[in-house]
$ cat structure03.pdb   # PDB, C-alpha atoms (C1' of nucleotides)
ATOM      1  CA  MET X  83     -16.685  -7.100  -1.417  1.00  0.00           C
ATOM      2  CA  PRO X  84     -14.620  -4.735   0.692  1.00  0.00           C
ATOM      3  CA  PRO X  85     -15.762  -1.141   0.934  1.00  0.00           C
ATOM      4  CA  PRO X  86     -14.098   1.167  -1.559  1.00  0.00           C
ATOM      5  CA  PRO X  87     -11.181   3.091  -0.110  1.00  0.00           C
ATOM      6  CA  PRO X  88     -11.557   6.797   0.641  1.00  0.00           C
ATOM      7  CA  ILE X  89      -9.273   7.605  -2.231  1.00  0.00           C
ATOM      8  CA  THR X  90     -10.299   8.571  -5.731  1.00  0.00           C
ATOM      9  CA  ASN X  91      -8.139   8.865  -8.809  1.00  0.00           C
ATOM     10  CA  THR X  92      -7.945  10.435 -12.240  1.00  0.00           C
ATOM     11  CA  ILE X  93      -6.061   7.671 -13.994  1.00  0.00           C
ATOM     12  CA  ARG X  94      -8.650   7.259 -16.694  1.00  0.00           C
ATOM     13  CA  ARG X  95      -8.479  10.913 -17.656  1.00  0.00           C
ATOM     14  CA  LEU X  96      -4.681  10.941 -17.458  1.00  0.00           C
ATOM     15  CA  ARG X  97      -4.472   7.930 -19.759  1.00  0.00           C
ATOM     16  CA  PHE X  98      -6.572   9.572 -22.402  1.00  0.00           C
ATOM     17  CA  ASP X  99      -4.760  12.869 -21.970  1.00  0.00           C
ATOM     18  CA  HIS X 100      -1.610  10.964 -22.798  1.00  0.00           C
ATOM     19  CA  GLY X 101      -2.377   9.658 -26.242  1.00  0.00           C
ATOM     20  CA  GLU X 102      -5.138   7.277 -25.195  1.00  0.00           C
ATOM     21  CA  MET X 103      -2.660   5.090 -23.419  1.00  0.00           C
ATOM     22  CA  THR X 104      -4.253   1.714 -22.804  1.00  0.00           C
ATOM     23  CA  GLN X 105      -4.443  -0.002 -19.429  1.00  0.00           C
ATOM     24  CA  GLN X 106      -2.063  -2.593 -20.798  1.00  0.00           C
ATOM     25  CA  GLN X 107       0.511  -0.002 -21.799  1.00  0.00           C
ATOM     26  CA  LEU X 108       0.310   1.681 -18.419  1.00  0.00           C
ATOM     27  CA  ALA X 109       0.586  -1.682 -16.694  1.00  0.00           C
ATOM     28  CA  ASP X 110       3.699  -2.512 -18.701  1.00  0.00           C
ATOM     29  CA  ARG X 111       5.349   0.775 -17.814  1.00  0.00           C
ATOM     30  CA  ILE X 112       4.775   0.404 -14.094  1.00  0.00           C
ATOM     31  CA  GLY X 113       5.424  -3.317 -13.919  1.00  0.00           C
ATOM     32  CA  MET X 114       1.930  -4.404 -13.025  1.00  0.00           C
ATOM     33  CA  THR X 115      -0.782  -6.415 -14.649  1.00  0.00           C
ATOM     34  CA  ARG X 116      -3.649  -4.998 -16.640  1.00  0.00           C
ATOM     35  CA  GLN X 117      -6.110  -6.334 -14.083  1.00  0.00           C
ATOM     36  CA  THR X 118      -4.416  -4.464 -11.273  1.00  0.00           C
ATOM     37  CA  VAL X 119      -4.491  -1.234 -13.244  1.00  0.00           C
ATOM     38  CA  ALA X 120      -8.174  -1.765 -13.983  1.00  0.00           C
ATOM     39  CA  ALA X 121      -8.977  -2.439 -10.331  1.00  0.00           C
ATOM     40  CA  ILE X 122      -7.122   0.657  -9.145  1.00  0.00           C
ATOM     41  CA  GLU X 123      -8.667   2.790 -11.862  1.00  0.00           C
ATOM     42  CA  GLN X 124     -12.128   1.666 -10.796  1.00  0.00           C
ATOM     43  CA  ASN X 125     -11.309   2.329  -7.172  1.00  0.00           C
ATOM     44  CA  LYS X 126     -11.747  -1.280  -6.136  1.00  0.00           C
ATOM     45  CA  TYR X 127      -8.763  -0.754  -3.862  1.00  0.00           C
ATOM     46  CA  SER X 128      -5.951   1.726  -3.525  1.00  0.00           C
ATOM     47  CA  PRO X 129      -2.468   0.797  -4.642  1.00  0.00           C
ATOM     48  CA  SER X 130       0.723   0.586  -2.660  1.00  0.00           C
ATOM     49  CA  LEU X 131       2.682   3.785  -2.238  1.00  0.00           C
ATOM     50  CA  GLU X 132       5.312   2.497  -4.625  1.00  0.00           C
ATOM     51  CA  ALA X 133       2.736   1.784  -7.314  1.00  0.00           C
ATOM     52  CA  ALA X 134       1.313   5.268  -6.811  1.00  0.00           C
ATOM     53  CA  PHE X 135       4.763   6.818  -7.304  1.00  0.00           C
ATOM     54  CA  ARG X 136       5.275   4.847 -10.505  1.00  0.00           C
ATOM     55  CA  ILE X 137       1.919   5.850 -11.943  1.00  0.00           C
ATOM     56  CA  ALA X 138       2.508   9.527 -11.145  1.00  0.00           C
ATOM     57  CA  GLU X 139       5.907   9.320 -12.805  1.00  0.00           C
ATOM     58  CA  VAL X 140       4.471   7.912 -16.032  1.00  0.00           C
ATOM     59  CA  PHE X 141       2.169  10.902 -16.325  1.00  0.00           C
ATOM     60  CA  GLY X 142       4.773  13.371 -15.099  1.00  0.00           C
ATOM     61  CA  VAL X 143       2.678  14.674 -12.243  1.00  0.00           C
ATOM     62  CA  GLU X 144       2.582  14.659  -8.442  1.00  0.00           C
ATOM     63  CA  ILE X 145       0.879  11.831  -6.606  1.00  0.00           C
ATOM     64  CA  GLY X 146      -1.761  14.312  -5.498  1.00  0.00           C
ATOM     65  CA  GLU X 147      -2.729  14.881  -9.121  1.00  0.00           C
ATOM     66  CA  VAL X 148      -3.375  11.200  -9.637  1.00  0.00           C
ATOM     67  CA  PHE X 149      -4.918  10.284  -6.300  1.00  0.00           C
ATOM     68  CA  GLN X 150      -7.201  12.411  -4.144  1.00  0.00           C
ATOM     69  CA  TRP X 151      -7.768  11.569  -0.537  1.00  0.00           C
ATOM     70  CA  LYS X 152     -11.139  12.134   1.051  1.00  0.00           C
ATOM     71  CA  ALA X 153     -10.251  13.232   4.568  1.00  0.00           C
ATOM     72  CA  GLU X 154     -11.730  11.411   7.477  1.00  0.00           C
ATOM     73  CA  GLN X 155     -15.382  12.082   7.925  1.00  0.00           C
ATOM     74  CA  THR X 156     -15.707  12.848  11.609  1.00  0.00           C
ATOM     75  CA  PRO X 157     -18.661  10.797  12.861  1.00  0.00           C
ATOM     76  CA  GLY X 158     -20.824  13.833  12.971  1.00  0.00           C
ATOM     77  CA  SER X 159     -23.253  15.353  15.435  1.00  0.00           C
TER      78      SER X 159
ATOM     79  CA  MET W  66      13.714 -10.340   5.760  1.00  0.00           C
ATOM     80  CA  PRO W  67      12.362  -8.691   2.626  1.00  0.00           C
ATOM     81  CA  PRO W  68      14.558  -6.183   0.854  1.00  0.00           C
ATOM     82  CA  PRO W  69      13.904  -2.594   1.885  1.00  0.00           C
ATOM     83  CA  PRO W  70      11.632  -0.765  -0.519  1.00  0.00           C
ATOM     84  CA  PRO W  71      13.071   1.856  -2.872  1.00  0.00           C
ATOM     85  CA  ILE W  72      11.340   4.548  -0.882  1.00  0.00           C
ATOM     86  CA  THR W  73      12.861   6.663   1.844  1.00  0.00           C
ATOM     87  CA  ASN W  74      11.128   9.002   4.247  1.00  0.00           C
ATOM     88  CA  THR W  75      11.672  11.952   6.522  1.00  0.00           C
ATOM     89  CA  ILE W  76       9.161  11.055   9.204  1.00  0.00           C
ATOM     90  CA  ARG W  77      11.683  11.179  11.984  1.00  0.00           C
ATOM     91  CA  ARG W  78      12.714  14.713  11.147  1.00  0.00           C
ATOM     92  CA  LEU W  79       9.100  15.803  10.628  1.00  0.00           C
ATOM     93  CA  ARG W  80       8.137  14.426  14.022  1.00  0.00           C
ATOM     94  CA  PHE W  81      10.823  16.390  15.777  1.00  0.00           C
ATOM     95  CA  ASP W  82      10.086  19.474  13.705  1.00  0.00           C
ATOM     96  CA  HIS W  83       6.564  19.223  15.056  1.00  0.00           C
ATOM     97  CA  GLY W  84       7.127  19.520  18.756  1.00  0.00           C
ATOM     98  CA  GLU W  85       8.942  16.234  19.171  1.00  0.00           C
ATOM     99  CA  MET W  86       5.803  14.342  18.417  1.00  0.00           C
ATOM    100  CA  THR W  87       6.218  10.741  19.579  1.00  0.00           C
ATOM    101  CA  GLN W  88       5.644   7.690  17.414  1.00  0.00           C
ATOM    102  CA  GLN W  89       2.692   6.896  19.644  1.00  0.00           C
ATOM    103  CA  GLN W  90       1.116  10.303  19.103  1.00  0.00           C
ATOM    104  CA  LEU W  91       1.596  10.046  15.354  1.00  0.00           C
ATOM    105  CA  ALA W  92       0.174   6.540  15.383  1.00  0.00           C
ATOM    106  CA  ASP W  93      -2.899   7.741  17.264  1.00  0.00           C
ATOM    107  CA  ARG W  94      -3.514  10.564  14.810  1.00  0.00           C
ATOM    108  CA  ILE W  95      -3.338   8.346  11.754  1.00  0.00           C
ATOM    109  CA  GLY W  96      -5.130   5.374  13.294  1.00  0.00           C
ATOM    110  CA  MET W  97      -2.205   2.992  13.267  1.00  0.00           C
ATOM    111  CA  THR W  98      -0.131   1.260  15.885  1.00  0.00           C
ATOM    112  CA  ARG W  99       3.170   2.454  17.241  1.00  0.00           C
ATOM    113  CA  GLN W 100       4.918  -0.588  15.829  1.00  0.00           C
ATOM    114  CA  THR W 101       3.690   0.153  12.337  1.00  0.00           C
ATOM    115  CA  VAL W 102       4.881   3.743  12.553  1.00  0.00           C
ATOM    116  CA  ALA W 103       8.270   2.534  13.760  1.00  0.00           C
ATOM    117  CA  ALA W 104       8.559   0.043  10.922  1.00  0.00           C
ATOM    118  CA  ILE W 105       7.661   2.624   8.284  1.00  0.00           C
ATOM    119  CA  GLU W 106       9.987   5.198   9.817  1.00  0.00           C
ATOM    120  CA  GLN W 107      12.844   2.703   9.681  1.00  0.00           C
ATOM    121  CA  ASN W 108      12.005   1.823   6.094  1.00  0.00           C
ATOM    122  CA  LYS W 109      11.207  -1.791   6.889  1.00  0.00           C
ATOM    123  CA  TYR W 110       8.403  -1.469   4.396  1.00  0.00           C
ATOM    124  CA  SER W 111       6.489   1.308   2.725  1.00  0.00           C
ATOM    125  CA  PRO W 112       2.986   2.107   3.865  1.00  0.00           C
ATOM    126  CA  SER W 113      -0.272   1.966   1.997  1.00  0.00           C
ATOM    127  CA  LEU W 114      -1.191   5.017  -0.047  1.00  0.00           C
ATOM    128  CA  GLU W 115      -3.884   5.859   2.440  1.00  0.00           C
ATOM    129  CA  ALA W 116      -1.461   5.751   5.359  1.00  0.00           C
ATOM    130  CA  ALA W 117       0.908   7.977   3.386  1.00  0.00           C
ATOM    131  CA  PHE W 118      -1.861  10.529   2.826  1.00  0.00           C
ATOM    132  CA  ARG W 119      -2.714  10.558   6.521  1.00  0.00           C
ATOM    133  CA  ILE W 120       0.889  11.044   7.593  1.00  0.00           C
ATOM    134  CA  ALA W 121       1.391  13.893   5.133  1.00  0.00           C
ATOM    135  CA  GLU W 122      -1.780  15.534   6.403  1.00  0.00           C
ATOM    136  CA  VAL W 123      -0.615  15.416  10.023  1.00  0.00           C
ATOM    137  CA  PHE W 124       2.509  17.325   9.076  1.00  0.00           C
ATOM    138  CA  GLY W 125       0.721  19.609   6.636  1.00  0.00           C
ATOM    139  CA  VAL W 126       2.899  18.712   3.665  1.00  0.00           C
ATOM    140  CA  GLU W 127       2.700  16.892   0.344  1.00  0.00           C
ATOM    141  CA  ILE W 128       3.305  13.158   0.177  1.00  0.00           C
ATOM    142  CA  GLY W 129       6.492  13.901  -1.727  1.00  0.00           C
ATOM    143  CA  GLU W 130       7.863  15.773   1.270  1.00  0.00           C
ATOM    144  CA  VAL W 131       7.380  12.765   3.501  1.00  0.00           C
ATOM    145  CA  PHE W 132       8.323   9.978   1.094  1.00  0.00           C
ATOM    146  CA  GLN W 133      10.972  10.042  -1.604  1.00  0.00           C
ATOM    147  CA  TRP W 134      10.959   7.498  -4.351  1.00  0.00           C
ATOM    148  CA  LYS W 135      14.212   6.193  -5.740  1.00  0.00           C
ATOM    149  CA  ALA W 136      13.458   5.684  -9.407  1.00  0.00           C
ATOM    150  CA  GLU W 137      14.143   2.345 -10.972  1.00  0.00           C
ATOM    151  CA  GLN W 138      17.792   1.550 -11.107  1.00  0.00           C
ATOM    152  CA  THR W 139      18.304   0.343 -14.645  1.00  0.00           C
ATOM    153  CA  PRO W 140      20.446  -2.800 -14.386  1.00  0.00           C
ATOM    154  CA  GLY W 141      23.549  -1.022 -15.355  1.00  0.00           C
ATOM    155  CA  SER W 142      26.128  -1.388 -18.083  1.00  0.00           C
TER     156      SER W 142
ATOM    157  C1'  DA T  87     -19.228 -13.510 -40.133  1.00  0.00           C
ATOM    158  C1'  DC T  88     -14.795 -13.460 -38.231  1.00  0.00           C
ATOM    159  C1'  DA T  89     -10.662 -11.816 -35.933  1.00  0.00           C
ATOM    160  C1'  DT T  90      -8.602  -8.468 -32.959  1.00  0.00           C
ATOM    161  C1'  DC T  91      -8.267  -5.216 -29.294  1.00  0.00           C
ATOM    162  C1'  DA T  92      -9.593  -2.790 -24.982  1.00  0.00           C
ATOM    163  C1'  DT T  93     -11.942  -3.434 -21.080  1.00  0.00           C
ATOM    164  C1'  DG T  94     -14.815  -5.698 -17.006  1.00  0.00           C
ATOM    165  C1'  DT T  95     -14.866  -9.261 -13.900  1.00  0.00           C
ATOM    166  C1'  DA T  96     -14.121 -13.356 -10.831  1.00  0.00           C
ATOM    167  C1'  DA T  97     -11.722 -17.032  -7.978  1.00  0.00           C
ATOM    168  C1'  DA T  98      -7.541 -18.858  -6.174  1.00  0.00           C
ATOM    169  C1'  DA T  99      -2.933 -18.438  -4.937  1.00  0.00           C
ATOM    170  C1'  DC T 100       0.597 -15.576  -3.406  1.00  0.00           C
ATOM    171  C1'  DA T 101       3.045 -11.277  -1.600  1.00  0.00           C
ATOM    172  C1'  DT T 102       3.081  -7.413   1.165  1.00  0.00           C
ATOM    173  C1'  DT T 103       1.429  -4.463   4.837  1.00  0.00           C
ATOM    174  C1'  DA T 104      -0.585  -4.020   9.490  1.00  0.00           C
ATOM    175  C1'  DT T 105      -1.923  -5.565  14.158  1.00  0.00           C
ATOM    176  C1'  DT T 106      -1.279  -7.747  18.543  1.00  0.00           C
ATOM    177  C1'  DG T 107       1.340  -9.129  22.532  1.00  0.00           C
ATOM    178  C1'  DA T 108       5.541  -9.603  24.392  1.00  0.00           C
ATOM    179  C1'  DC T 109      10.137  -8.463  25.897  1.00  0.00           C
ATOM    180  C1'  DA T 110      14.285  -5.491  25.619  1.00  0.00           C
ATOM    181  C1'  DT T 111      17.123  -1.065  26.344  1.00  0.00           C
ATOM    182  C1'  DA T 112      18.256   3.896  27.127  1.00  0.00           C
ATOM    183  C1'  DA T 113      16.858   8.286  29.104  1.00  0.00           C
ATOM    184  C1'  DC T 114      14.524  10.835  32.525  1.00  0.00           C
ATOM    185  C1'  DG T 115      12.590  12.165  37.086  1.00  0.00           C
ATOM    186  C1'  DT T 116      11.812  11.058  41.954  1.00  0.00           C
TER     187       DT T 116
ATOM    188  C1'  DA V   8      17.080   2.134  43.280  1.00  0.00           C
ATOM    189  C1'  DC V   9      12.657   2.537  41.238  1.00  0.00           C
ATOM    190  C1'  DG V  10       8.983   3.797  38.015  1.00  0.00           C
ATOM    191  C1'  DT V  11       7.795   5.849  33.685  1.00  0.00           C
ATOM    192  C1'  DT V  12       8.231   7.015  28.841  1.00  0.00           C
ATOM    193  C1'  DA V  13      10.064   6.442  24.115  1.00  0.00           C
ATOM    194  C1'  DT V  14      11.873   3.416  21.167  1.00  0.00           C
ATOM    195  C1'  DG V  15      13.624  -1.227  18.868  1.00  0.00           C
ATOM    196  C1'  DT V  16      12.447  -5.728  17.790  1.00  0.00           C
ATOM    197  C1'  DC V  17      10.390 -10.323  17.243  1.00  0.00           C
ATOM    198  C1'  DA V  18       6.849 -14.018  16.112  1.00  0.00           C
ATOM    199  C1'  DA V  19       2.248 -15.041  14.920  1.00  0.00           C
ATOM    200  C1'  DT V  20      -1.800 -13.694  12.830  1.00  0.00           C
ATOM    201  C1'  DA V  21      -4.989 -10.804  10.117  1.00  0.00           C
ATOM    202  C1'  DA V  22      -5.946  -7.712   6.420  1.00  0.00           C
ATOM    203  C1'  DT V  23      -4.930  -5.890   2.058  1.00  0.00           C
ATOM    204  C1'  DG V  24      -2.685  -5.706  -2.543  1.00  0.00           C
ATOM    205  C1'  DT V  25      -1.124  -8.263  -6.667  1.00  0.00           C
ATOM    206  C1'  DT V  26      -0.772 -11.993 -10.008  1.00  0.00           C
ATOM    207  C1'  DT V  27      -2.491 -15.631 -12.727  1.00  0.00           C
ATOM    208  C1'  DT V  28      -5.912 -17.891 -15.433  1.00  0.00           C
ATOM    209  C1'  DA V  29     -10.051 -17.653 -17.429  1.00  0.00           C
ATOM    210  C1'  DC V  30     -14.240 -16.039 -19.605  1.00  0.00           C
ATOM    211  C1'  DA V  31     -17.273 -12.149 -20.886  1.00  0.00           C
ATOM    212  C1'  DT V  32     -18.712  -7.794 -23.669  1.00  0.00           C
ATOM    213  C1'  DG V  33     -18.579  -3.896 -27.064  1.00  0.00           C
ATOM    214  C1'  DA V  34     -16.008  -1.611 -30.711  1.00  0.00           C
ATOM    215  C1'  DT V  35     -13.233  -1.857 -34.839  1.00  0.00           C
ATOM    216  C1'  DG V  36     -11.556  -3.587 -39.218  1.00  0.00           C
ATOM    217  C1'  DT V  37     -11.517  -7.088 -42.988  1.00  0.00           C
TER     218       DT V  37
END
$ encode --input "structure03.pdb" --output "structure tokens"
Amino acid sequence: MPPPPPITNTIRRLRFDHGEMTQQQLADRIGMTRQTVAAIEQNKYSPSLEAAFRIAEVFGVEIGEVFQWKAEQTPGS
Amino acid sequence: MPPPPPITNTIRRLRFDHGEMTQQQLADRIGMTRQTVAAIEQNKYSPSLEAAFRIAEVFGVEIGEVFQWKAEQTPGS
DNA sequence: ACATCATGTAAAACATTATTGACATAACGT
DNA sequence: ACGTTATGTCAATAATGTTTTACATGATGT
């Protein structure tokens, strides 16, 4: 199992804020499978940039409102 | 050769707006190779979401200011 | 109890993105 | 002329993202 990417997302909340849109409905609108949506939503891996643009468009928000990037943790003293 | 993705970018301009930063310098700052930066800059393919976040951070802008997404062209009438 | 729907999950195949190493050219300074 | 730097490009390989098929669970409705 690969380590989870340093990116989190709010897809789950956005889906329910938009009429309890199902994963299947979101998948249909962005041209992906339900499994891919589920994996992204659970942060198993981060999507391609194109997929991220499509998801943001469905919810009418910026990419930054869907995905949050944890900046590099400098290997600390 | 795969078709170019429906995403354009302004990396070249951003580099030169930031002290004529070289592809190599940008690559170093985002932890990628020079060749990958060149390929993205020339729109050979679009980067991962994480790479996009890193590039935007280097230039201090939103992802949308680095990458522009051409919405789906509906197969026209 | 049964059917249906939304979701979680897993393995294999496939597609795309990224790296490495190599060679090329143009621009610049000496 | 020569060396250096920035960039373009290519082929092979590795790493990651996506699809497909399949089976599982909990919730809902009849």
$ atom_distance --input "structure03.pdb" --atom1 "C1' of DT93 in chain T" --atom2 "CA of Pro86 in chain X"
20.2 Å
$ interface_residues --input "structure03.pdb" --of "chain W" --to "chain X" --cutoff "12 Å" --atoms "all atoms listed in the file" --output "ChimeraX atom specification"
/W:69-74,94-96,105,110-123,126-137
$ calpha_fit_and_write --input "structure03.pdb" --fixed "chain W" --moving "chain X" --output "compact mmCIF listing (two decimals) with C-alpha atoms, in the frame of the given file"
# COMPACT_ATOMS: atom_id res chain seq x y z
CA MET X 83 13.81 -10.33 5.96
CA PRO X 84 12.44 -8.72 2.82
CA PRO X 85 14.63 -6.20 1.05
CA PRO X 86 13.93 -2.61 2.02
CA PRO X 87 11.67 -0.80 -0.41
CA PRO X 88 13.13 1.81 -2.75
CA ILE X 89 11.40 4.52 -0.80
CA THR X 90 12.90 6.64 1.93
CA ASN X 91 11.15 8.98 4.31
CA THR X 92 11.68 11.95 6.59
CA ILE X 93 9.15 11.05 9.25
CA ARG X 94 11.66 11.18 12.05
CA ARG X 95 12.69 14.71 11.19
CA LEU X 96 9.09 15.80 10.66
CA ARG X 97 8.11 14.44 14.07
CA PHE X 98 10.78 16.40 15.83
CA ASP X 99 10.06 19.48 13.75
CA HIS X 100 6.54 19.25 15.08
CA GLY X 101 7.08 19.54 18.79
CA GLU X 102 8.89 16.23 19.22
CA MET X 103 5.75 14.34 18.45
CA THR X 104 6.17 10.77 19.61
CA GLN X 105 5.59 7.71 17.45
CA GLN X 106 2.62 6.92 19.64
CA GLN X 107 1.05 10.33 19.09
CA LEU X 108 1.54 10.08 15.35
CA ALA X 109 0.12 6.57 15.36
CA ASP X 110 -2.96 7.77 17.23
CA ARG X 111 -3.56 10.58 14.78
CA ILE X 112 -3.37 8.36 11.72
CA GLY X 113 -5.16 5.39 13.23
CA MET X 114 -2.24 3.00 13.26
CA THR X 115 -0.19 1.27 15.87
CA ARG X 116 3.10 2.50 17.23
CA GLN X 117 4.85 -0.55 15.82
CA THR X 118 3.64 0.20 12.32
CA VAL X 119 4.85 3.78 12.57
CA ALA X 120 8.22 2.57 13.80
CA ALA X 121 8.53 0.05 10.97
CA ILE X 122 7.66 2.64 8.32
CA GLU X 123 9.97 5.20 9.86
CA GLN X 124 12.83 2.72 9.76
CA ASN X 125 12.02 1.83 6.18
CA LYS X 126 11.24 -1.79 6.98
CA TYR X 127 8.43 -1.50 4.46
CA SER X 128 6.51 1.25 2.76
CA PRO X 129 2.99 2.06 3.86
CA SER X 130 -0.23 1.93 1.92
CA LEU X 131 -1.12 4.99 -0.11
CA GLU X 132 -3.86 5.84 2.36
CA ALA X 133 -1.46 5.72 5.29
CA ALA X 134 0.94 7.94 3.36
CA PHE X 135 -1.82 10.51 2.77
CA ARG X 136 -2.70 10.52 6.46
CA ILE X 137 0.88 11.01 7.56
CA ALA X 138 1.42 13.86 5.10
CA GLU X 139 -1.76 15.50 6.35
CA VAL X 140 -0.63 15.41 9.98
CA PHE X 141 2.51 17.32 9.06
CA GLY X 142 0.72 19.59 6.60
CA VAL X 143 2.93 18.70 3.67
CA GLU X 144 2.76 16.88 0.33
CA ILE X 145 3.38 13.16 0.18
CA GLY X 146 6.58 13.90 -1.71
CA GLU X 147 7.91 15.77 1.31
CA VAL X 148 7.41 12.76 3.53
CA PHE X 149 8.37 9.97 1.15
CA GLN X 150 11.06 10.03 -1.53
CA TRP X 151 11.09 7.47 -4.27
CA LYS X 152 14.36 6.17 -5.62
CA ALA X 153 13.63 5.71 -9.31
CA GLU X 154 14.27 2.39 -10.90
CA GLN X 155 17.91 1.63 -11.28
CA THR X 156 18.22 0.44 -14.85
CA PRO X 157 20.30 -2.75 -14.74
CA GLY X 158 23.28 -0.94 -16.05
CA SER X 159 25.90 -1.57 -18.70
$ closest_atom_pairs --input "structure03.pdb" --of "chain T" --to "chain X" --cutoff "12 Å" --atoms "all atoms listed in the file" --output "CSV"
residue,atom,partner,partner_atom,distance
T:DC91,C1',X:Thr104,CA,10.3
T:DA92,C1',X:Thr104,CA,7.3
T:DT93,C1',X:Ala120,CA,8.2
T:DG94,C1',X:Ala120,CA,8.3
T:DT95,C1',X:Gln117,CA,9.2
T:DA96,C1',X:Gln117,CA,11.1
T:DT102,C1',X:Ser130,CA,9.2
T:DT103,C1',X:Ser130,CA,9.1
$ write_last_selection --input "structure03.pdb" --atoms "C-alpha atoms (C1' of nucleotides)" --output "PDB file, in the coordinates of the input"
ATOM      1  C1'  DC T  91      -8.267  -5.216 -29.294  1.00  0.00           C
ATOM      2  C1'  DA T  92      -9.593  -2.790 -24.982  1.00  0.00           C
ATOM      3  C1'  DT T  93     -11.942  -3.434 -21.080  1.00  0.00           C
ATOM      4  C1'  DG T  94     -14.815  -5.698 -17.006  1.00  0.00           C
ATOM      5  C1'  DT T  95     -14.866  -9.261 -13.900  1.00  0.00           C
ATOM      6  C1'  DA T  96     -14.121 -13.356 -10.831  1.00  0.00           C
ATOM      7  C1'  DT T 102       3.081  -7.413   1.165  1.00  0.00           C
ATOM      8  C1'  DT T 103       1.429  -4.463   4.837  1.00  0.00           C
TER       9       DT T 103
END
$ atom_distance --input "structure03.pdb" --atom1 "C1' of DA104 in chain T" --atom2 "CA of Leu108 in chain X"
28.5 Å
$ residues_near_point --input "structure03.pdb" --point "(-7.7, -7.2, -44.7)" --cutoff "12 Å" --atoms "all atoms listed in the file" --output "short mmCIF file (atom, residue, chain, number, x, y, z; two decimals) with C-alpha atoms (C1' of nucleotides), in the coordinates of the input"
data_model
loop_
_atom_site.label_atom_id
_atom_site.label_comp_id
_atom_site.auth_asym_id
_atom_site.auth_seq_id
_atom_site.Cartn_x
_atom_site.Cartn_y
_atom_site.Cartn_z
"C1'" DC T 88 -14.80 -13.46 -38.23
"C1'" DA T 89 -10.66 -11.82 -35.93
"C1'" DT T 90 -8.60 -8.47 -32.96
"C1'" DG V 36 -11.56 -3.59 -39.22
"C1'" DT V 37 -11.52 -7.09 -42.99
#
$ resolve_selection --input "structure03.pdb" --expression "the PyMOL selection byres ((chain V) within 10 of (chain W))" --output "compact mmCIF listing (two decimals) with C-alpha atoms (C1' of nucleotides), keeping the file's coordinate frame"
# COMPACT_ATOMS: atom_id res chain seq x y z
C1' DA V 13 10.06 6.44 24.12
C1' DT V 14 11.87 3.42 21.17
C1' DG V 15 13.62 -1.23 18.87
C1' DT V 16 12.45 -5.73 17.79
C1' DT V 23 -4.93 -5.89 2.06
C1' DG V 24 -2.68 -5.71 -2.54
$ resolve_selection --input "structure03.pdb" --expression "the PyMOL selection byres ((chain T and resi 114) around 12)" --output "PDB file with C-alpha atoms (C1' of nucleotides), in the coordinates of the input"
ATOM      1  C1'  DA T 112      18.256   3.896  27.127  1.00  0.00           C
ATOM      2  C1'  DA T 113      16.858   8.286  29.104  1.00  0.00           C
ATOM      3  C1'  DG T 115      12.590  12.165  37.086  1.00  0.00           C
ATOM      4  C1'  DT T 116      11.812  11.058  41.954  1.00  0.00           C
TER       5       DT T 116
ATOM      6  C1'  DG V  10       8.983   3.797  38.015  1.00  0.00           C
ATOM      7  C1'  DT V  11       7.795   5.849  33.685  1.00  0.00           C
ATOM      8  C1'  DT V  12       8.231   7.015  28.841  1.00  0.00           C
ATOM      9  C1'  DA V  13      10.064   6.442  24.115  1.00  0.00           C
TER      10       DA V  13
END
$ atom_distance --input "structure03.pdb" --atom1 "C1' of DC17 in chain V" --atom2 "C1' of DT105 in chain T"
13.6 Å
$ axis_aligned_box --input "structure03.pdb" --around "range 136-147 of chain X" --padding-each-side "4 Å" --output "JSON"
{"center_x": 1.6, "center_y": 9.9, "center_z": -10.9, "size_x": 16.6, "size_y": 18.0, "size_z": 18.8}
$ residues_around --input "structure03.pdb" --residues "Leu79 in chain W" --least-positions-apart "4" --cutoff "7 Å" --atoms "all atoms listed in the file" --output "list in words"
Thr75, His83 and Phe124 of chain W
$ residues_near_point --input "structure03.pdb" --point "(-2.7, -8.7, 14.1)" --cutoff "6 Å" --atoms "all atoms listed in the file" --output "list in words"
DT105 and DT106 of chain T; DT20 and DA21 of chain V
